[in-house]
$ cat data-v9.pdb   # PDB, C-alpha atoms
ATOM      1  CA  MET L 155     168.244 289.833 -54.888  1.00  0.00           C
ATOM      2  CA  PRO L 156     165.979 288.884 -51.952  1.00  0.00           C
ATOM      3  CA  ALA L 157     166.893 290.183 -48.544  1.00  0.00           C
ATOM      4  CA  SER L 158     168.283 287.587 -46.172  1.00  0.00           C
ATOM      5  CA  ALA L 159     166.397 286.768 -42.989  1.00  0.00           C
ATOM      6  CA  PRO L 160     167.706 288.421 -39.850  1.00  0.00           C
ATOM      7  CA  PRO L 161     169.914 286.152 -37.769  1.00  0.00           C
ATOM      8  CA  VAL L 162     168.252 284.330 -34.906  1.00  0.00           C
ATOM      9  CA  ALA L 163     169.668 285.336 -31.541  1.00  0.00           C
ATOM     10  CA  PRO L 164     171.117 282.417 -29.594  1.00  0.00           C
ATOM     11  CA  ALA L 165     168.998 281.114 -26.761  1.00  0.00           C
ATOM     12  CA  PRO L 166     170.179 282.020 -23.257  1.00  0.00           C
ATOM     13  CA  PRO L 167     171.730 279.252 -21.135  1.00  0.00           C
ATOM     14  CA  LEU L 168     169.536 277.120 -18.929  1.00  0.00           C
ATOM     15  CA  LEU L 169     171.343 278.274 -15.785  1.00  0.00           C
ATOM     16  CA  LEU L 170     170.855 282.011 -15.392  1.00  0.00           C
ATOM     17  CA  PRO L 171     172.598 284.193 -12.793  1.00  0.00           C
ATOM     18  CA  LEU L 172     170.124 286.412 -10.952  1.00  0.00           C
ATOM     19  CA  SER L 173     172.406 287.869  -8.284  1.00  0.00           C
ATOM     20  CA  ARG L 174     176.166 287.364  -8.384  1.00  0.00           C
ATOM     21  CA  ARG L 175     177.659 286.864  -4.918  1.00  0.00           C
ATOM     22  CA  PRO L 176     180.346 284.223  -5.457  1.00  0.00           C
ATOM     23  CA  ARG L 177     181.467 284.088  -1.821  1.00  0.00           C
ATOM     24  CA  ALA L 178     177.957 283.864  -0.391  1.00  0.00           C
ATOM     25  CA  PRO L 179     175.816 280.725  -0.014  1.00  0.00           C
ATOM     26  CA  GLN L 180     174.258 279.816  -3.343  1.00  0.00           C
ATOM     27  CA  ALA L 181     170.500 279.539  -3.882  1.00  0.00           C
ATOM     28  CA  VAL L 182     168.933 278.123  -7.041  1.00  0.00           C
ATOM     29  CA  PHE L 183     165.356 278.496  -8.257  1.00  0.00           C
ATOM     30  CA  VAL L 184     164.089 275.684 -10.469  1.00  0.00           C
ATOM     31  CA  HIS L 185     161.413 276.496 -13.021  1.00  0.00           C
ATOM     32  CA  PRO L 186     157.795 275.449 -12.495  1.00  0.00           C
ATOM     33  CA  GLY L 187     155.629 273.904 -15.180  1.00  0.00           C
ATOM     34  CA  GLY L 188     155.851 276.212 -18.178  1.00  0.00           C
ATOM     35  CA  GLY L 189     159.567 276.704 -17.777  1.00  0.00           C
ATOM     36  CA  GLY L 190     159.911 280.405 -16.955  1.00  0.00           C
ATOM     37  CA  LEU L 191     161.433 282.040 -13.890  1.00  0.00           C
ATOM     38  CA  SER L 192     159.510 285.319 -13.679  1.00  0.00           C
ATOM     39  CA  PRO L 193     157.203 284.276 -10.771  1.00  0.00           C
ATOM     40  CA  TYR L 194     160.249 283.958  -8.537  1.00  0.00           C
ATOM     41  CA  THR L 195     161.355 287.594  -8.847  1.00  0.00           C
ATOM     42  CA  PRO L 196     160.163 288.742  -5.375  1.00  0.00           C
ATOM     43  CA  LEU L 197     161.754 285.722  -3.716  1.00  0.00           C
ATOM     44  CA  ALA L 198     164.999 286.188  -5.645  1.00  0.00           C
ATOM     45  CA  VAL L 199     165.193 289.804  -4.486  1.00  0.00           C
ATOM     46  CA  ARG L 200     164.719 288.654  -0.889  1.00  0.00           C
ATOM     47  CA  LEU L 201     167.352 285.915  -1.118  1.00  0.00           C
ATOM     48  CA  ALA L 202     169.852 288.181  -2.872  1.00  0.00           C
ATOM     49  CA  ARG L 203     170.443 289.992   0.423  1.00  0.00           C
ATOM     50  CA  HIS L 204     172.497 287.050   1.712  1.00  0.00           C
ATOM     51  CA  HIS L 205     172.863 284.610  -1.197  1.00  0.00           C
ATOM     52  CA  GLY L 206     174.166 284.323  -4.675  1.00  0.00           C
ATOM     53  CA  VAL L 207     171.024 283.533  -6.661  1.00  0.00           C
ATOM     54  CA  SER L 208     170.603 281.614  -9.912  1.00  0.00           C
ATOM     55  CA  GLY L 209     167.671 280.146 -11.772  1.00  0.00           C
ATOM     56  CA  ILE L 210     167.246 277.147 -14.048  1.00  0.00           C
ATOM     57  CA  ARG L 211     164.870 277.770 -16.923  1.00  0.00           C
ATOM     58  CA  ALA L 212     163.430 274.998 -19.050  1.00  0.00           C
ATOM     59  CA  GLY L 213     164.477 274.018 -22.512  1.00  0.00           C
ATOM     60  CA  GLY L 214     161.822 274.539 -25.161  1.00  0.00           C
ATOM     61  CA  LEU L 215     161.160 278.257 -24.736  1.00  0.00           C
ATOM     62  CA  PHE L 216     163.190 279.364 -27.736  1.00  0.00           C
ATOM     63  CA  ALA L 217     163.332 278.439 -31.411  1.00  0.00           C
ATOM     64  CA  GLY L 218     165.359 275.309 -32.003  1.00  0.00           C
ATOM     65  CA  GLU L 219     164.759 273.904 -28.514  1.00  0.00           C
ATOM     66  CA  ARG L 220     162.567 270.940 -27.668  1.00  0.00           C
ATOM     67  CA  PRO L 221     160.846 270.817 -24.279  1.00  0.00           C
ATOM     68  CA  ASP L 222     161.413 267.847 -22.003  1.00  0.00           C
ATOM     69  CA  ASP L 223     158.382 265.791 -21.021  1.00  0.00           C
ATOM     70  CA  ASP L 224     160.101 263.695 -18.366  1.00  0.00           C
ATOM     71  CA  VAL L 225     161.110 264.787 -14.850  1.00  0.00           C
ATOM     72  CA  GLU L 226     163.953 262.286 -14.654  1.00  0.00           C
ATOM     73  CA  ARG L 227     165.418 263.574 -17.913  1.00  0.00           C
ATOM     74  CA  MET L 228     165.176 267.168 -16.703  1.00  0.00           C
ATOM     75  CA  THR L 229     166.869 266.258 -13.438  1.00  0.00           C
ATOM     76  CA  GLU L 230     169.742 264.588 -15.254  1.00  0.00           C
ATOM     77  CA  ARG L 231     170.084 267.583 -17.562  1.00  0.00           C
ATOM     78  CA  TYR L 232     170.086 270.134 -14.764  1.00  0.00           C
ATOM     79  CA  LEU L 233     172.361 268.385 -12.279  1.00  0.00           C
ATOM     80  CA  PRO L 234     175.631 269.122 -14.161  1.00  0.00           C
ATOM     81  CA  LEU L 235     174.633 272.792 -14.464  1.00  0.00           C
ATOM     82  CA  LEU L 236     175.099 273.174 -10.725  1.00  0.00           C
ATOM     83  CA  ASP L 237     178.824 272.492 -11.162  1.00  0.00           C
ATOM     84  CA  ASP L 238     179.074 275.914 -12.813  1.00  0.00           C
ATOM     85  CA  LEU L 239     178.080 277.744  -9.632  1.00  0.00           C
ATOM     86  CA  PRO L 240     180.810 279.448  -7.582  1.00  0.00           C
ATOM     87  CA  ARG L 241     180.162 276.893  -4.837  1.00  0.00           C
ATOM     88  CA  ARG L 242     177.890 273.963  -4.140  1.00  0.00           C
ATOM     89  CA  PRO L 243     174.260 275.128  -3.781  1.00  0.00           C
ATOM     90  CA  GLU L 244     172.950 275.264  -0.237  1.00  0.00           C
ATOM     91  CA  LEU L 245     169.337 276.059  -1.109  1.00  0.00           C
ATOM     92  CA  LEU L 246     167.044 274.831  -3.889  1.00  0.00           C
ATOM     93  CA  VAL L 247     163.612 276.431  -4.323  1.00  0.00           C
ATOM     94  CA  GLY L 248     160.757 275.466  -6.601  1.00  0.00           C
ATOM     95  CA  TRP L 249     157.060 276.086  -7.063  1.00  0.00           C
ATOM     96  CA  SER L 250     154.780 273.304  -8.288  1.00  0.00           C
ATOM     97  CA  MET L 251     156.801 271.043 -10.618  1.00  0.00           C
ATOM     98  CA  GLY L 252     159.812 273.188  -9.787  1.00  0.00           C
ATOM     99  CA  GLY L 253     159.644 271.898  -6.232  1.00  0.00           C
ATOM    100  CA  VAL L 254     159.675 268.318  -7.499  1.00  0.00           C
ATOM    101  CA  LEU L 255     162.755 269.084  -9.593  1.00  0.00           C
ATOM    102  CA  ALA L 256     164.413 270.842  -6.653  1.00  0.00           C
ATOM    103  CA  TRP L 257     163.705 267.788  -4.480  1.00  0.00           C
ATOM    104  CA  GLU L 258     165.137 265.363  -7.028  1.00  0.00           C
ATOM    105  CA  LEU L 259     168.227 267.520  -7.512  1.00  0.00           C
ATOM    106  CA  GLY L 260     168.683 267.812  -3.756  1.00  0.00           C
ATOM    107  CA  ALA L 261     168.414 264.038  -3.325  1.00  0.00           C
ATOM    108  CA  ARG L 262     171.134 263.498  -5.929  1.00  0.00           C
ATOM    109  CA  LEU L 263     173.398 266.148  -4.435  1.00  0.00           C
ATOM    110  CA  SER L 264     173.043 264.544  -1.007  1.00  0.00           C
ATOM    111  CA  ALA L 265     174.654 261.389  -2.399  1.00  0.00           C
ATOM    112  CA  THR L 266     177.922 263.242  -3.056  1.00  0.00           C
ATOM    113  CA  GLY L 267     178.118 265.764  -0.217  1.00  0.00           C
ATOM    114  CA  PRO L 268     176.106 267.884   2.207  1.00  0.00           C
ATOM    115  CA  ALA L 269     172.396 267.879   1.422  1.00  0.00           C
ATOM    116  CA  PRO L 270     171.063 271.296   0.393  1.00  0.00           C
ATOM    117  CA  ALA L 271     167.933 272.723   1.950  1.00  0.00           C
ATOM    118  CA  VAL L 272     164.863 272.444  -0.286  1.00  0.00           C
ATOM    119  CA  VAL L 273     161.814 274.703  -0.370  1.00  0.00           C
ATOM    120  CA  LEU L 274     158.676 273.269  -1.992  1.00  0.00           C
ATOM    121  CA  ILE L 275     156.005 275.816  -2.837  1.00  0.00           C
ATOM    122  CA  ASP L 276     152.779 273.826  -3.193  1.00  0.00           C
ATOM    123  CA  SER L 277     154.462 270.864  -4.873  1.00  0.00           C
ATOM    124  CA  PHE L 278     153.037 267.346  -5.041  1.00  0.00           C
ATOM    125  CA  THR L 279     154.653 263.928  -5.016  1.00  0.00           C
ATOM    126  CA  ARG L 280     152.093 262.781  -7.589  1.00  0.00           C
ATOM    127  CA  ARG L 281     150.231 264.765 -10.218  1.00  0.00           C
ATOM    128  CA  ASP L 282     146.878 263.226  -9.269  1.00  0.00           C
ATOM    129  CA  GLU L 283     147.106 264.857  -5.832  1.00  0.00           C
ATOM    130  CA  PHE L 284     146.628 268.190  -7.545  1.00  0.00           C
ATOM    131  CA  GLY L 285     143.190 267.336  -8.861  1.00  0.00           C
ATOM    132  CA  THR L 286     141.700 266.617 -12.267  1.00  0.00           C
ATOM    133  CA  ALA L 287     141.523 270.012 -13.955  1.00  0.00           C
ATOM    134  CA  HIS L 288     141.310 269.866 -17.733  1.00  0.00           C
ATOM    135  CA  ARG L 289     144.693 270.161 -19.471  1.00  0.00           C
ATOM    136  CA  ALA L 290     143.656 273.227 -21.483  1.00  0.00           C
ATOM    137  CA  ALA L 291     142.609 275.033 -18.319  1.00  0.00           C
ATOM    138  CA  VAL L 292     145.930 274.218 -16.625  1.00  0.00           C
ATOM    139  CA  VAL L 293     147.907 275.412 -19.650  1.00  0.00           C
ATOM    140  CA  GLU L 294     145.976 278.671 -19.626  1.00  0.00           C
ATOM    141  CA  ARG L 295     146.722 279.215 -15.936  1.00  0.00           C
ATOM    142  CA  ILE L 296     150.398 278.467 -16.548  1.00  0.00           C
ATOM    143  CA  MET L 297     150.485 280.971 -19.393  1.00  0.00           C
ATOM    144  CA  ARG L 298     148.885 283.630 -17.184  1.00  0.00           C
ATOM    145  CA  SER L 299     151.170 283.033 -14.202  1.00  0.00           C
ATOM    146  CA  VAL L 300     154.498 281.967 -15.722  1.00  0.00           C
ATOM    147  CA  HIS L 301     154.385 283.603 -19.143  1.00  0.00           C
ATOM    148  CA  ALA L 302     152.194 286.637 -18.528  1.00  0.00           C
ATOM    149  CA  ARG L 303     154.569 288.871 -20.510  1.00  0.00           C
ATOM    150  CA  VAL L 304     155.580 286.475 -23.250  1.00  0.00           C
ATOM    151  CA  ALA L 305     155.795 288.037 -26.716  1.00  0.00           C
ATOM    152  CA  PRO L 306     153.092 286.824 -29.131  1.00  0.00           C
ATOM    153  CA  ARG L 307     155.759 285.374 -31.445  1.00  0.00           C
ATOM    154  CA  ASP L 308     157.027 283.195 -28.574  1.00  0.00           C
ATOM    155  CA  ARG L 309     153.651 282.016 -27.315  1.00  0.00           C
ATOM    156  CA  ARG L 310     153.728 278.772 -29.304  1.00  0.00           C
ATOM    157  CA  TRP L 311     157.027 277.764 -27.699  1.00  0.00           C
ATOM    158  CA  ALA L 312     155.700 278.574 -24.246  1.00  0.00           C
ATOM    159  CA  GLU L 313     152.478 276.622 -24.799  1.00  0.00           C
ATOM    160  CA  ALA L 314     154.350 273.588 -26.154  1.00  0.00           C
ATOM    161  CA  THR L 315     156.614 273.657 -23.102  1.00  0.00           C
ATOM    162  CA  ALA L 316     153.616 273.892 -20.752  1.00  0.00           C
ATOM    163  CA  HIS L 317     152.014 270.864 -22.416  1.00  0.00           C
ATOM    164  CA  ALA L 318     155.255 268.887 -22.138  1.00  0.00           C
ATOM    165  CA  HIS L 319     155.552 269.703 -18.456  1.00  0.00           C
ATOM    166  CA  ILE L 320     151.984 268.636 -17.720  1.00  0.00           C
ATOM    167  CA  THR L 321     152.852 265.301 -19.342  1.00  0.00           C
ATOM    168  CA  ALA L 322     156.032 265.084 -17.255  1.00  0.00           C
ATOM    169  CA  SER L 323     154.153 265.779 -14.023  1.00  0.00           C
ATOM    170  CA  GLY L 324     151.537 263.168 -14.857  1.00  0.00           C
ATOM    171  CA  ARG L 325     154.159 260.483 -15.384  1.00  0.00           C
ATOM    172  CA  HIS L 326     156.323 261.161 -12.357  1.00  0.00           C
ATOM    173  CA  ARG L 327     156.050 259.835  -8.813  1.00  0.00           C
ATOM    174  CA  VAL L 328     158.469 261.171  -6.225  1.00  0.00           C
ATOM    175  CA  THR L 329     160.054 258.297  -4.302  1.00  0.00           C
ATOM    176  CA  SER L 330     163.454 259.812  -3.458  1.00  0.00           C
ATOM    177  CA  THR L 331     164.116 260.559   0.178  1.00  0.00           C
ATOM    178  CA  HIS L 332     165.972 263.732   1.092  1.00  0.00           C
ATOM    179  CA  PRO L 333     168.082 263.950   4.253  1.00  0.00           C
ATOM    180  CA  GLY L 334     168.424 267.725   4.287  1.00  0.00           C
ATOM    181  CA  PRO L 335     166.127 270.338   5.808  1.00  0.00           C
ATOM    182  CA  ALA L 336     162.975 270.933   3.783  1.00  0.00           C
ATOM    183  CA  LEU L 337     160.029 273.287   3.833  1.00  0.00           C
ATOM    184  CA  LEU L 338     156.661 272.610   2.230  1.00  0.00           C
ATOM    185  CA  MET L 339     154.291 275.538   1.773  1.00  0.00           C
ATOM    186  CA  ALA L 340     150.952 273.884   1.099  1.00  0.00           C
ATOM    187  CA  CYS L 341     148.069 275.812  -0.427  1.00  0.00           C
ATOM    188  CA  ALA L 342     144.458 275.467   0.629  1.00  0.00           C
ATOM    189  CA  SER L 343     142.841 272.570  -1.231  1.00  0.00           C
ATOM    190  CA  PRO L 344     140.922 269.349  -0.560  1.00  0.00           C
ATOM    191  CA  HIS L 345     144.191 267.514  -1.298  1.00  0.00           C
ATOM    192  CA  ARG L 346     146.382 269.247   1.279  1.00  0.00           C
ATOM    193  CA  ARG L 347     146.253 266.484   3.876  1.00  0.00           C
ATOM    194  CA  THR L 348     147.350 263.834   1.362  1.00  0.00           C
ATOM    195  CA  GLN L 349     149.959 266.197  -0.053  1.00  0.00           C
ATOM    196  CA  VAL L 350     151.520 266.724   3.385  1.00  0.00           C
ATOM    197  CA  GLU L 351     151.382 263.043   4.324  1.00  0.00           C
ATOM    198  CA  ASN L 352     153.142 261.963   1.137  1.00  0.00           C
ATOM    199  CA  TRP L 353     156.007 264.434   1.527  1.00  0.00           C
ATOM    200  CA  THR L 354     156.337 263.599   5.217  1.00  0.00           C
ATOM    201  CA  ARG L 355     157.005 259.963   4.320  1.00  0.00           C
ATOM    202  CA  LEU L 356     160.043 261.089   2.311  1.00  0.00           C
ATOM    203  CA  SER L 357     161.642 263.426   4.838  1.00  0.00           C
ATOM    204  CA  ARG L 358     162.368 263.367   8.542  1.00  0.00           C
ATOM    205  CA  ARG L 359     163.262 267.053   8.492  1.00  0.00           C
ATOM    206  CA  LEU L 360     160.220 268.469   6.748  1.00  0.00           C
ATOM    207  CA  ARG L 361     158.524 271.595   8.038  1.00  0.00           C
ATOM    208  CA  VAL L 362     155.041 272.397   6.788  1.00  0.00           C
ATOM    209  CA  ARG L 363     153.485 275.827   6.563  1.00  0.00           C
ATOM    210  CA  GLU L 364     150.012 276.449   5.196  1.00  0.00           C
ATOM    211  CA  LEU L 365     149.083 279.109   2.650  1.00  0.00           C
ATOM    212  CA  GLU L 366     145.439 280.145   2.561  1.00  0.00           C
ATOM    213  CA  CYS L 367     145.400 280.709  -1.179  1.00  0.00           C
ATOM    214  CA  GLY L 368     145.090 278.715  -4.374  1.00  0.00           C
ATOM    215  CA  HIS L 369     147.950 277.043  -6.234  1.00  0.00           C
ATOM    216  CA  PHE L 370     148.189 279.729  -8.906  1.00  0.00           C
ATOM    217  CA  ASP L 371     147.824 282.587  -6.420  1.00  0.00           C
ATOM    218  CA  VAL L 372     150.957 282.077  -4.319  1.00  0.00           C
ATOM    219  CA  PHE L 373     152.795 285.043  -5.825  1.00  0.00           C
ATOM    220  CA  ASP L 374     149.831 287.406  -5.850  1.00  0.00           C
ATOM    221  CA  ARG L 375     150.029 290.530  -3.732  1.00  0.00           C
ATOM    222  CA  LYS L 376     147.726 289.086  -1.071  1.00  0.00           C
ATOM    223  CA  ALA L 377     149.577 285.769  -0.590  1.00  0.00           C
ATOM    224  CA  LEU L 378     153.172 286.857  -1.207  1.00  0.00           C
ATOM    225  CA  PRO L 379     153.836 288.256   2.308  1.00  0.00           C
ATOM    226  CA  ALA L 380     153.082 284.827   3.776  1.00  0.00           C
ATOM    227  CA  VAL L 381     155.395 283.101   1.304  1.00  0.00           C
ATOM    228  CA  LEU L 382     158.218 285.506   2.134  1.00  0.00           C
ATOM    229  CA  ALA L 383     157.606 285.196   5.882  1.00  0.00           C
ATOM    230  CA  HIS L 384     157.735 281.400   5.768  1.00  0.00           C
ATOM    231  CA  LEU L 385     160.905 281.527   3.674  1.00  0.00           C
ATOM    232  CA  ASP L 386     162.566 283.925   6.112  1.00  0.00           C
ATOM    233  CA  GLU L 387     161.597 281.755   9.082  1.00  0.00           C
ATOM    234  CA  PHE L 388     162.972 278.632   7.408  1.00  0.00           C
ATOM    235  CA  LEU L 389     166.310 280.271   6.611  1.00  0.00           C
ATOM    236  CA  THR L 390     166.835 282.057   9.916  1.00  0.00           C
ATOM    237  CA  GLY L 391     165.133 279.682  12.311  1.00  0.00           C
ATOM    238  CA  GLU L 392     163.308 282.622  13.849  1.00  0.00           C
ATOM    239  CA  PRO L 393     159.477 282.594  13.851  1.00  0.00           C
ATOM    240  CA  THR L 394     157.960 285.324  11.712  1.00  0.00           C
ATOM    241  CA  ARG L 395     154.340 285.921  12.564  1.00  0.00           C
ATOM    242  CA  SER L 396     151.853 288.178  10.871  1.00  0.00           C
ATOM    243  CA  PRO L 397     148.099 287.961  10.197  1.00  0.00           C
ATOM    244  CA  LYS L 398     148.877 286.673   6.700  1.00  0.00           C
ATOM    245  CA  THR L 399     151.502 284.014   7.377  1.00  0.00           C
ATOM    246  CA  GLY L 400     149.060 281.151   7.740  1.00  0.00           C
ATOM    247  CA  GLY L 401     149.263 278.055   9.878  1.00  0.00           C
ATOM    248  CA  LYS L 402     152.115 275.845  11.017  1.00  0.00           C
ATOM    249  CA  ARG L 403     152.584 272.162  11.529  1.00  0.00           C
TER     250      ARG L 403
END

$ encode --input "data-v9.pdb" --output "structure tokens"
Amino acid sequence: MPASAPPVAPAPPLLLPLSRRPRAPQAVFVHPGGGGLSPYTPLAVRLARHHGVSGIRAGGLFAGERPDDDVERMTERYLPLLDDLPRRPELLVGWSMGGVLAWELGARLSATGPAPAVVLIDSFTRRDEFGTAHRAAVVERIMRSVHARVAPRDRRWAEATAHAHITASGRHRVTSTHPGPALLMACASPHRRTQVENWTRLSRRLRVRELECGHFDVFDRKALPAVLAHLDEFLTGEPTRSPKTGGKR
């Protein structure tokens, strides 16, 4: 009699608790293109000092899941997840496409109550602001930065999700305004001026801080202190200066 296949473990939920502090302000990280949350670990550790911290991963990373290729659909899927938090989120954080999703979620939340603060880490209102890198090259960078430790058996799911998210980013144009406080950390690129101008049109409360690194280098050891310093300054209102924090606007 042939042996039966081992049971497949159920996929984890899309909303993942990272630091449980139910009485503290709630912060939520929203996945970048590729769908994983691992790049946010240093920021989550920092926020966990004063916040309850959760993360929203993407669908598509596990067997039986299909990745979304539409930002609007992802936003509608993720919005009800926030009802499961101990209290209404006060901070949404996202890198790249994650910042776009955080922005769209924040705009929807502002229609029903206080607007959360939003942190955009080198996000763009339009995909074409980011440049014209070949899709295969972008997928490879996503795999190296978001799924660096993915098991070989799961690589196909991760790659399919990355492709779906590149499609989603290419289709989407951010037009929602957001009345809450917002921070844009903009990386060095020929597109930074346009990037900043487009976000500024959508927010009267936008702060901009510059990062002198590339888009896929924001969580590297050299750039991370600047990212953390800008985040601290935004949350506390107290300037944090160091040789690595980059410029202000």

$ atom_distance --input "data-v9.pdb" --atom1 "atom CA of L:Ala377" --atom2 "atom CA of L:Leu191"
18.2 Å

$ residues_around --input "data-v9.pdb" --residues "stretch 314-321 of chain L" --least-positions-apart "6" --cutoff "8 Å" --atoms "all atoms listed in the file" --output "list in words"
Gly187, Gly188, Gly189, Gly213, Gly214, Leu215, Arg220, Pro221, Asp222, Asp223, Asp224, Arg289, Val293, Ile296 and Met297 of chain L

$ residues_around --input "data-v9.pdb" --residues "L:Val182" --least-positions-apart "5" --cutoff "6 Å" --atoms "all atoms listed in the file" --output "PyMOL selection string"
chain L and resi 207-209+246

$ closest_residue --input "data-v9.pdb" --among "L:His205, L:His185, L:Arg227, L:Arg242" --to "L:Gly260" --atoms "all atoms listed in the file"
L:Arg242

$ axis_aligned_box --input "data-v9.pdb" --around "stretch 248-256 of chain L" --padding-each-side "4 Å" --output "AutoDock Vina command-line options"
--center_x 159.6 --center_y 272.2 --center_z -8.4 --size_x 17.6 --size_y 15.8 --size_z 12.4

$ residues_around --input "data-v9.pdb" --residues "L:Ser343" --least-positions-apart "6" --cutoff "9 Å" --atoms "all atoms listed in the file" --output "PyMOL selection string"
chain L and resi 284+366-369
